[in-house]
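What follows is a single structure, written as structure tokens, with notes after it.
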Amino acid sequence: MEENIWWRGKDYIEEDEDIKKWNSAKFKWIPKEINKVSLQPFSLNFIVGPRQVGKTTLIKLLIKKLLESNHNPLSIFYCSCDLVSNYEELLKKIRDYLKIRKQEGIRSSFIFLDEVTFVKEWYRAVKHLIDTGELTGDVVTVSGSSSLTILKQKESFPGRRGNGKDVILYPLSFSGYIKVINPKIEVRPGWYSEIEELFESYLKVGGLPPSINGLSPVKIYTEWIIYEINRVGRDEMLAKQILSAVLSTTPSKVSYNSIAKEIGVNHRTVAEYIKLFNDMFLTLTLHFIDVNTGYYNYRKQIKIHFVDPLFYDVISTWTGVKRPDDPIIVEGVVASHLSRIYNIGYTEVGKEEIDVVTLPEIIGYEVKYRERAKQVKVIAGKMKKVITLSKHGENDTFPVHLFLAELNI
């Protein structure tokens, strides 16, 4: 069966195009998320993240690891789902494999369904096989480029996940970027200038593998955005208008109403599109946090950032809106990084806006990426501390590049 290209043995995987590309890359890394995938039967794992973030590479590196641990190649089934038309075809492919493994006396398998969101109603095939007991001793891992499709459809599997995990593969963080570019660097005196130079580089290329390796994947990501929009039945031109409005206003406070009035549509429509962009890991929405109660106030305006520095270039190129200056992108980078650790939002104390606030421990982060920044001294409600992140760390502020370099994400 063509989909299971590793049946020939563990040496054959080295000839796989994705593994060869990974081996030949100037900068390569094994995503730490590989250790989050459950390998204990029964498991139904979901791997999600933006396109070209490395989901397929992660899966194939995991398969390589399984083969090197002397798992029977016949116990591993990999299916690239981009050419599978519907759930009936997917069901047949899996069952064809299950018949072969039965003939070989194999009772437990690792089944990988890569980019399963290409398959219409894919979850029906997997759910049916689970309900019929055909996957009882197996580890099933599915991946996709949209959490809207996968993580929403996990609701179709109540009590059917076993030991399965949700694994989100983000673009490489700045601390991860440092380790990839120069693993010798440590966050201590003597390395600070190198870290600052790498941060300036990170603001240009971001944390996505193609860009880190010197490619220009703007067209790839533009096509991905358009594909995802069309796949869920949304209007491409309207999405472009909304993203144009988002890019031109970030990181200022906006409302769905204000964007809607600018474009001439209903505010609910704008909210639905922003949710789609969030689910694609393209954007990140921050809601207002009341520091007196520690709860969100969803009636207030929102702030919208892009998840990776490269996405500012992608949307700028697609919409024709000028790429924001570095201080704006830095605020987005800080928000995106902190969102991987905490629930976050923003707040206001009098006339002072605090860029990022974390929950449940309410700490404020104010980003002032400029020369001669000054510390923001604000205490309000349950927020007893505000950390001011600056370009150079003067006046009791903290250098943003060192702050991000120390985040273990």
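Scheme for the structure tokens: letters A, B, ... for chains in order shown; per-chain residue numbers from 1; ligand numbers from 1 in order shown.
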Distance table requested - segment 278-339 of chain A against segment 34-48 of chain A, cut-off 12 Å, only C-alpha atoms: one row per qualifying residue with the closest atom pair and its distance in Å to one decimal, ordered by chain and rising residue number, as CSV.
```
residue,atom,partner,partner_atom,distance
A:Asp279,CA,A:Val48,CA,9.8
A:Met280,CA,A:Val48,CA,9.1
A:Phe281,CA,A:Val48,CA,9.2
```
How close does segment 146-236 of chain A get to segment 250-272 of chain A? List, as JSON lines, each residue of segment 146-236 of chain A within 12 Å, its nearest atom pair and the distance in Å to one decimal, counting only C-alpha atoms.
```
{"residue": "A:Leu148", "atom": "CA", "partner": "A:Glu272", "partner_atom": "CA", "distance": 11.4}
{"residue": "A:Ile229", "atom": "CA", "partner": "A:Glu272", "partner_atom": "CA", "distance": 11.5}
{"residue": "A:Val232", "atom": "CA", "partner": "A:Glu272", "partner_atom": "CA", "distance": 11.4}
{"residue": "A:Gly233", "atom": "CA", "partner": "A:Glu272", "partner_atom": "CA", "distance": 11.9}
{"residue": "A:Arg234", "atom": "CA", "partner": "A:Glu272", "partner_atom": "CA", "distance": 9.7}
{"residue": "A:Asp235", "atom": "CA", "partner": "A:Thr269", "partner_atom": "CA", "distance": 10.7}
```
Subject >> Residue nearest Glu406 of chain A - candidates A:Thr117, A:Ser80, A:Ser175, A:Asn86, atoms counted: only C-alpha atoms >> reply: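 Of A:Thr117, A:Ser80, A:Ser175, A:Asn86, the one nearest Glu406 of chain A is A:Ser175, counting only C-alpha atoms.
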Which residues of segment 293-356 of chain A come within 9 Å of segment 243-247 of chain A, and for each one, what is the closest pair of atoms and their distance in Å to one decimal, counting only C-alpha atoms, sorted by chain and residue number, as CSV?
```
residue,atom,partner,partner_atom,distance
A:Ile304,CA,A:Val246,CA,6.9
A:His305,CA,A:Val246,CA,8.2
A:Phe306,CA,A:Leu247,CA,8.5
A:Tyr312,CA,A:Leu247,CA,7.5
A:Ile315,CA,A:Leu243,CA,7.1
A:Ser316,CA,A:Leu247,CA,7.5
A:Trp318,CA,A:Ser244,CA,8.7
A:Thr319,CA,A:Ser244,CA,5.7
A:Gly320,CA,A:Ser244,CA,7.9
A:Val321,CA,A:Ser244,CA,6.4
A:Lys322,CA,A:Leu247,CA,8.2
A:Arg323,CA,A:Leu247,CA,7.8
A:Pro324,CA,A:Leu247,CA,7.7
```
Mind writing the picked residues with N, CA and C atoms as a JSON list (two decimals), in the first residue's frame?
```json
[["chain", "number", "residue", "atom", "x", "y", "z"],
["A", 304, "ILE", "N", -5.88, 43.04, 18.49],
["A", 304, "ILE", "CA", -5.58, 41.89, 17.64],
["A", 304, "ILE", "C", -4.12, 41.96, 17.19],
["A", 305, "HIS", "N", -3.41, 40.87, 17.41],
["A", 305, "HIS", "CA", -2.03, 40.73, 16.96],
["A", 305, "HIS", "C", -1.93, 39.57, 15.97],
["A", 306, "PHE", "N", -0.81, 39.51, 15.26],
["A", 306, "PHE", "CA", -0.52, 38.35, 14.42],
["A", 306, "PHE", "C", 0.42, 37.43, 15.19],
["A", 312, "TYR", "N", 2.97, 39.35, 9.43],
["A", 312, "TYR", "CA", 2.80, 40.77, 9.10],
["A", 312, "TYR", "C", 3.19, 41.02, 7.65],
["A", 315, "ILE", "N", 0.39, 39.34, 5.26],
["A", 315, "ILE", "CA", -0.84, 40.13, 5.13],
["A", 315, "ILE", "C", -0.57, 41.46, 4.45],
["A", 316, "SER", "N", 0.60, 42.06, 4.73],
["A", 316, "SER", "CA", 0.96, 43.31, 4.06],
["A", 316, "SER", "C", 1.05, 43.13, 2.55],
["A", 318, "TRP", "N", -0.36, 40.77, 0.74],
["A", 318, "TRP", "CA", -1.66, 40.40, 0.17],
["A", 318, "TRP", "C", -2.61, 41.59, 0.10],
["A", 319, "THR", "N", -2.62, 42.42, 1.14],
["A", 319, "THR", "CA", -3.60, 43.50, 1.21],
["A", 319, "THR", "C", -3.09, 44.84, 0.69],
["A", 320, "GLY", "N", -1.76, 45.00, 0.61],
["A", 320, "GLY", "CA", -1.22, 46.28, 0.20],
["A", 320, "GLY", "C", -1.09, 47.28, 1.32],
["A", 321, "VAL", "N", -1.38, 46.86, 2.56],
["A", 321, "VAL", "CA", -1.24, 47.73, 3.73],
["A", 321, "VAL", "C", 0.21, 47.67, 4.20],
["A", 322, "LYS", "N", 0.76, 48.81, 4.57],
["A", 322, "LYS", "CA", 2.16, 48.90, 4.98],
["A", 322, "LYS", "C", 2.44, 47.99, 6.18],
["A", 323, "ARG", "N", 3.58, 47.31, 6.13],
["A", 323, "ARG", "CA", 4.02, 46.50, 7.26],
["A", 323, "ARG", "C", 4.27, 47.40, 8.45],
["A", 324, "PRO", "N", 3.77, 47.06, 9.63],
["A", 324, "PRO", "CA", 3.98, 47.91, 10.81],
["A", 324, "PRO", "C", 5.46, 48.01, 11.16]]
```
**OP:** Tell me which protein, DNA and RNA residues are within 10 Å of Lys391 of chain A, counting only C-alpha atoms, leaving out same-chain ones fewer than 6 positions away, and put them as a PyMOL selection string.
**Re:** chain A and resi 196+327+330+367-373+397-402
Please produce a file of the residues just selected, as a PDB file, in the first residue's frame, where the atoms kept are N, CA, C and O atoms.
```pdb
ATOM      1  N   GLU A 196      20.659  40.141  21.120  1.00  0.00           N
ATOM      2  CA  GLU A 196      19.963  41.304  20.555  1.00  0.00           C
ATOM      3  C   GLU A 196      19.988  41.268  19.032  1.00  0.00           C
ATOM      4  O   GLU A 196      18.992  41.575  18.369  1.00  0.00           O
ATOM      5  N   PRO A 327       8.391  48.295  16.648  1.00  0.00           N
ATOM      6  CA  PRO A 327       7.770  48.351  17.981  1.00  0.00           C
ATOM      7  C   PRO A 327       6.392  47.700  18.044  1.00  0.00           C
ATOM      8  O   PRO A 327       6.045  47.081  19.056  1.00  0.00           O
ATOM      9  N   VAL A 330       6.941  43.903  17.867  1.00  0.00           N
ATOM     10  CA  VAL A 330       7.480  43.412  19.142  1.00  0.00           C
ATOM     11  C   VAL A 330       6.359  43.206  20.150  1.00  0.00           C
ATOM     12  O   VAL A 330       6.338  42.203  20.873  1.00  0.00           O
ATOM     13  N   VAL A 367       5.038  47.110  26.768  1.00  0.00           N
ATOM     14  CA  VAL A 367       6.116  47.024  25.788  1.00  0.00           C
ATOM     15  C   VAL A 367       6.431  48.420  25.263  1.00  0.00           C
ATOM     16  O   VAL A 367       5.568  49.079  24.665  1.00  0.00           O
ATOM     17  N   LYS A 368       7.665  48.850  25.489  1.00  0.00           N
ATOM     18  CA  LYS A 368       8.121  50.158  24.986  1.00  0.00           C
ATOM     19  C   LYS A 368       9.432  49.947  24.249  1.00  0.00           C
ATOM     20  O   LYS A 368      10.518  50.168  24.794  1.00  0.00           O
ATOM     21  N   TYR A 369       9.318  49.482  23.013  1.00  0.00           N
ATOM     22  CA  TYR A 369      10.499  49.132  22.216  1.00  0.00           C
ATOM     23  C   TYR A 369      11.010  50.388  21.504  1.00  0.00           C
ATOM     24  O   TYR A 369      10.731  50.626  20.331  1.00  0.00           O
ATOM     25  N   ARG A 370      11.741  51.191  22.280  1.00  0.00           N
ATOM     26  CA  ARG A 370      12.273  52.440  21.735  1.00  0.00           C
ATOM     27  C   ARG A 370      13.462  52.894  22.580  1.00  0.00           C
ATOM     28  O   ARG A 370      13.769  52.321  23.605  1.00  0.00           O
ATOM     29  N   GLU A 371      14.090  53.944  22.119  1.00  0.00           N
ATOM     30  CA  GLU A 371      15.225  54.526  22.846  1.00  0.00           C
ATOM     31  C   GLU A 371      14.704  55.279  24.078  1.00  0.00           C
ATOM     32  O   GLU A 371      13.645  55.892  24.046  1.00  0.00           O
ATOM     33  N   ARG A 372      15.473  55.205  25.160  1.00  0.00           N
ATOM     34  CA  ARG A 372      15.191  55.950  26.388  1.00  0.00           C
ATOM     35  C   ARG A 372      13.781  55.685  26.935  1.00  0.00           C
ATOM     36  O   ARG A 372      13.026  56.604  27.240  1.00  0.00           O
ATOM     37  N   ALA A 373      13.417  54.432  27.026  1.00  0.00           N
ATOM     38  CA  ALA A 373      12.118  54.063  27.593  1.00  0.00           C
ATOM     39  C   ALA A 373      12.125  54.265  29.102  1.00  0.00           C
ATOM     40  O   ALA A 373      13.180  54.208  29.751  1.00  0.00           O
ATOM     41  N   THR A 397      13.769  49.311  33.346  1.00  0.00           N
ATOM     42  CA  THR A 397      13.013  48.469  32.412  1.00  0.00           C
ATOM     43  C   THR A 397      13.841  47.214  32.125  1.00  0.00           C
ATOM     44  O   THR A 397      14.997  47.113  32.514  1.00  0.00           O
ATOM     45  N   PHE A 398      13.235  46.252  31.412  1.00  0.00           N
ATOM     46  CA  PHE A 398      13.929  44.993  31.124  1.00  0.00           C
ATOM     47  C   PHE A 398      14.023  44.817  29.611  1.00  0.00           C
ATOM     48  O   PHE A 398      13.024  44.991  28.894  1.00  0.00           O
ATOM     49  N   PRO A 399      15.206  44.484  29.077  1.00  0.00           N
ATOM     50  CA  PRO A 399      15.348  44.307  27.629  1.00  0.00           C
ATOM     51  C   PRO A 399      14.422  43.196  27.111  1.00  0.00           C
ATOM     52  O   PRO A 399      14.469  42.070  27.610  1.00  0.00           O
ATOM     53  N   VAL A 400      13.623  43.521  26.128  1.00  0.00           N
ATOM     54  CA  VAL A 400      12.616  42.573  25.653  1.00  0.00           C
ATOM     55  C   VAL A 400      13.259  41.324  25.059  1.00  0.00           C
ATOM     56  O   VAL A 400      12.747  40.208  25.195  1.00  0.00           O
ATOM     57  N   HIS A 401      14.424  41.485  24.429  1.00  0.00           N
ATOM     58  CA  HIS A 401      15.073  40.324  23.812  1.00  0.00           C
ATOM     59  C   HIS A 401      15.561  39.333  24.873  1.00  0.00           C
ATOM     60  O   HIS A 401      15.521  38.126  24.650  1.00  0.00           O
ATOM     61  N   LEU A 402      15.994  39.859  26.021  1.00  0.00           N
ATOM     62  CA  LEU A 402      16.432  38.962  27.094  1.00  0.00           C
ATOM     63  C   LEU A 402      15.229  38.305  27.786  1.00  0.00           C
ATOM     64  O   LEU A 402      15.281  37.142  28.164  1.00  0.00           O
TER      65      LEU A 402
END
```
**OP:** Among the residues of segment 238-305 of chain A, find those DSSP assigns to strand (DSSP E) from the backbone and print them as JSON, numbers by chain.
**Re:** {"A": [283, 284, 285, 286, 288, 289, 290, 295, 296, 297, 303, 304, 305]}
Generate a file of the selected residues that holds all heavy atoms, formatted as an mmCIF file, in the first residue's frame.
```cif
data_model
loop_
_atom_site.group_PDB
_atom_site.id
_atom_site.type_symbol
_atom_site.label_atom_id
_atom_site.label_comp_id
_atom_site.auth_asym_id
_atom_site.auth_seq_id
_atom_site.Cartn_x
_atom_site.Cartn_y
_atom_site.Cartn_z
ATOM 1 N N THR A 283 -4.000 34.922 13.757
ATOM 2 C CA THR A 283 -4.119 36.078 14.632
ATOM 3 C C THR A 283 -4.352 35.649 16.076
ATOM 4 O O THR A 283 -4.666 34.491 16.358
ATOM 5 C CB THR A 283 -5.281 36.993 14.196
ATOM 6 O OG1 THR A 283 -6.501 36.235 14.189
ATOM 7 C CG2 THR A 283 -5.033 37.585 12.830
ATOM 8 N N LEU A 284 -4.217 36.618 16.963
ATOM 9 C CA LEU A 284 -4.432 36.408 18.393
ATOM 10 C C LEU A 284 -5.249 37.590 18.900
ATOM 11 O O LEU A 284 -4.843 38.743 18.736
ATOM 12 C CB LEU A 284 -3.085 36.333 19.118
ATOM 13 C CG LEU A 284 -3.098 36.331 20.644
ATOM 14 C CD1 LEU A 284 -3.691 35.026 21.171
ATOM 15 C CD2 LEU A 284 -1.684 36.538 21.189
ATOM 16 N N THR A 285 -6.393 37.309 19.512
ATOM 17 C CA THR A 285 -7.270 38.369 20.015
ATOM 18 C C THR A 285 -7.137 38.501 21.524
ATOM 19 O O THR A 285 -7.216 37.505 22.250
ATOM 20 C CB THR A 285 -8.740 38.078 19.656
ATOM 21 O OG1 THR A 285 -8.882 38.046 18.239
ATOM 22 C CG2 THR A 285 -9.659 39.147 20.221
ATOM 23 N N LEU A 286 -6.926 39.732 21.986
ATOM 24 C CA LEU A 286 -6.844 40.012 23.414
ATOM 25 C C LEU A 286 -8.099 40.755 23.856
ATOM 26 O O LEU A 286 -8.459 41.781 23.259
ATOM 27 C CB LEU A 286 -5.619 40.876 23.741
ATOM 28 C CG LEU A 286 -4.291 40.154 23.996
ATOM 29 C CD1 LEU A 286 -3.834 39.405 22.757
ATOM 30 C CD2 LEU A 286 -3.226 41.152 24.443
ATOM 31 N N PHE A 288 -10.342 42.597 27.105
ATOM 32 C CA PHE A 288 -10.089 43.424 28.270
ATOM 33 C C PHE A 288 -10.206 42.602 29.551
ATOM 34 O O PHE A 288 -11.131 41.812 29.712
ATOM 35 C CB PHE A 288 -11.096 44.575 28.305
ATOM 36 C CG PHE A 288 -10.924 45.516 29.469
ATOM 37 C CD1 PHE A 288 -10.075 46.613 29.365
ATOM 38 C CD2 PHE A 288 -11.602 45.302 30.665
ATOM 39 C CE1 PHE A 288 -9.914 47.489 30.440
ATOM 40 C CE2 PHE A 288 -11.451 46.164 31.736
ATOM 41 C CZ PHE A 288 -10.602 47.262 31.619
ATOM 42 N N ILE A 289 -9.253 42.781 30.460
ATOM 43 C CA ILE A 289 -9.285 42.137 31.776
ATOM 44 C C ILE A 289 -9.511 43.200 32.843
ATOM 45 O O ILE A 289 -8.781 44.189 32.914
ATOM 46 C CB ILE A 289 -7.977 41.371 32.062
ATOM 47 C CG1 ILE A 289 -7.850 40.161 31.124
ATOM 48 C CG2 ILE A 289 -7.925 40.910 33.521
ATOM 49 C CD1 ILE A 289 -6.545 39.399 31.273
ATOM 50 N N ASP A 290 -10.531 43.000 33.652
ATOM 51 C CA ASP A 290 -10.801 43.878 34.789
ATOM 52 C C ASP A 290 -9.871 43.466 35.919
ATOM 53 O O ASP A 290 -10.026 42.387 36.503
ATOM 54 C CB ASP A 290 -12.265 43.745 35.218
ATOM 55 C CG ASP A 290 -12.656 44.742 36.307
ATOM 56 O OD1 ASP A 290 -11.777 45.137 37.099
ATOM 57 O OD2 ASP A 290 -13.841 45.097 36.381
ATOM 58 N N TYR A 295 -11.394 39.077 35.916
ATOM 59 C CA TYR A 295 -12.207 38.437 34.887
ATOM 60 C C TYR A 295 -12.193 39.267 33.608
ATOM 61 O O TYR A 295 -11.951 40.480 33.627
ATOM 62 C CB TYR A 295 -13.651 38.252 35.356
ATOM 63 C CG TYR A 295 -13.805 37.282 36.502
ATOM 64 C CD1 TYR A 295 -14.136 37.733 37.777
ATOM 65 C CD2 TYR A 295 -13.611 35.915 36.319
ATOM 66 C CE1 TYR A 295 -14.265 36.843 38.850
ATOM 67 C CE2 TYR A 295 -13.747 35.020 37.374
ATOM 68 C CZ TYR A 295 -14.072 35.494 38.630
ATOM 69 O OH TYR A 295 -14.191 34.616 39.678
ATOM 70 N N TYR A 296 -12.505 38.583 32.511
ATOM 71 C CA TYR A 296 -12.612 39.275 31.226
ATOM 72 C C TYR A 296 -13.902 40.101 31.178
ATOM 73 O O TYR A 296 -14.928 39.707 31.731
ATOM 74 C CB TYR A 296 -12.626 38.276 30.069
ATOM 75 C CG TYR A 296 -11.300 37.609 29.802
ATOM 76 C CD1 TYR A 296 -11.085 36.285 30.158
ATOM 77 C CD2 TYR A 296 -10.270 38.293 29.162
ATOM 78 C CE1 TYR A 296 -9.874 35.651 29.900
ATOM 79 C CE2 TYR A 296 -9.061 37.682 28.892
ATOM 80 C CZ TYR A 296 -8.861 36.360 29.268
ATOM 81 O OH TYR A 296 -7.667 35.748 29.010
ATOM 82 N N ASN A 297 -13.832 41.227 30.479
ATOM 83 C CA ASN A 297 -15.018 42.009 30.155
ATOM 84 C C ASN A 297 -15.140 42.027 28.636
ATOM 85 O O ASN A 297 -14.432 42.779 27.955
ATOM 86 C CB ASN A 297 -14.901 43.432 30.702
ATOM 87 C CG ASN A 297 -16.156 44.260 30.478
ATOM 88 O OD1 ASN A 297 -16.958 43.954 29.599
ATOM 89 N ND2 ASN A 297 -16.334 45.313 31.262
ATOM 90 N N LYS A 303 -7.968 43.873 21.198
ATOM 91 C CA LYS A 303 -6.717 44.135 20.495
ATOM 92 C C LYS A 303 -6.370 42.875 19.709
ATOM 93 O O LYS A 303 -6.565 41.766 20.200
ATOM 94 C CB LYS A 303 -5.592 44.481 21.480
ATOM 95 C CG LYS A 303 -5.836 45.753 22.259
ATOM 96 C CD LYS A 303 -4.722 46.014 23.261
ATOM 97 C CE LYS A 303 -3.434 46.375 22.576
ATOM 98 N NZ LYS A 303 -2.382 46.828 23.526
ATOM 99 N N ILE A 304 -5.876 43.043 18.495
ATOM 100 C CA ILE A 304 -5.581 41.894 17.637
ATOM 101 C C ILE A 304 -4.123 41.955 17.185
ATOM 102 O O ILE A 304 -3.658 42.981 16.670
ATOM 103 C CB ILE A 304 -6.499 41.854 16.399
ATOM 104 C CG1 ILE A 304 -7.971 41.886 16.830
ATOM 105 C CG2 ILE A 304 -6.224 40.597 15.571
ATOM 106 C CD1 ILE A 304 -8.948 42.020 15.668
ATOM 107 N N HIS A 305 -3.412 40.865 17.410
ATOM 108 C CA HIS A 305 -2.026 40.731 16.963
ATOM 109 C C HIS A 305 -1.933 39.573 15.966
ATOM 110 O O HIS A 305 -2.831 38.731 15.887
ATOM 111 C CB HIS A 305 -1.097 40.434 18.146
ATOM 112 C CG HIS A 305 -1.081 41.499 19.193
ATOM 113 N ND1 HIS A 305 -0.437 42.706 19.020
ATOM 114 C CD2 HIS A 305 -1.632 41.545 20.443
ATOM 115 C CE1 HIS A 305 -0.585 43.447 20.107
ATOM 116 N NE2 HIS A 305 -1.304 42.767 20.986
#
```
Original post:
How many Å lie between atom CA of Pro183 of chain A and atom CA of Phe27 of chain A, rounded to one decimal?
Top reply: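 According to the coordinates, atom CA of Pro183 of chain A and atom CA of Phe27 of chain A are separated by 11.0 Å.
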Original post:
Looking at A:Glu331, A:Asp308, A:Glu17, A:Glu33, which one is nearest to Ser173 of chain A, with distances taken over only C-alpha atoms?
Top reply: A:Asp308
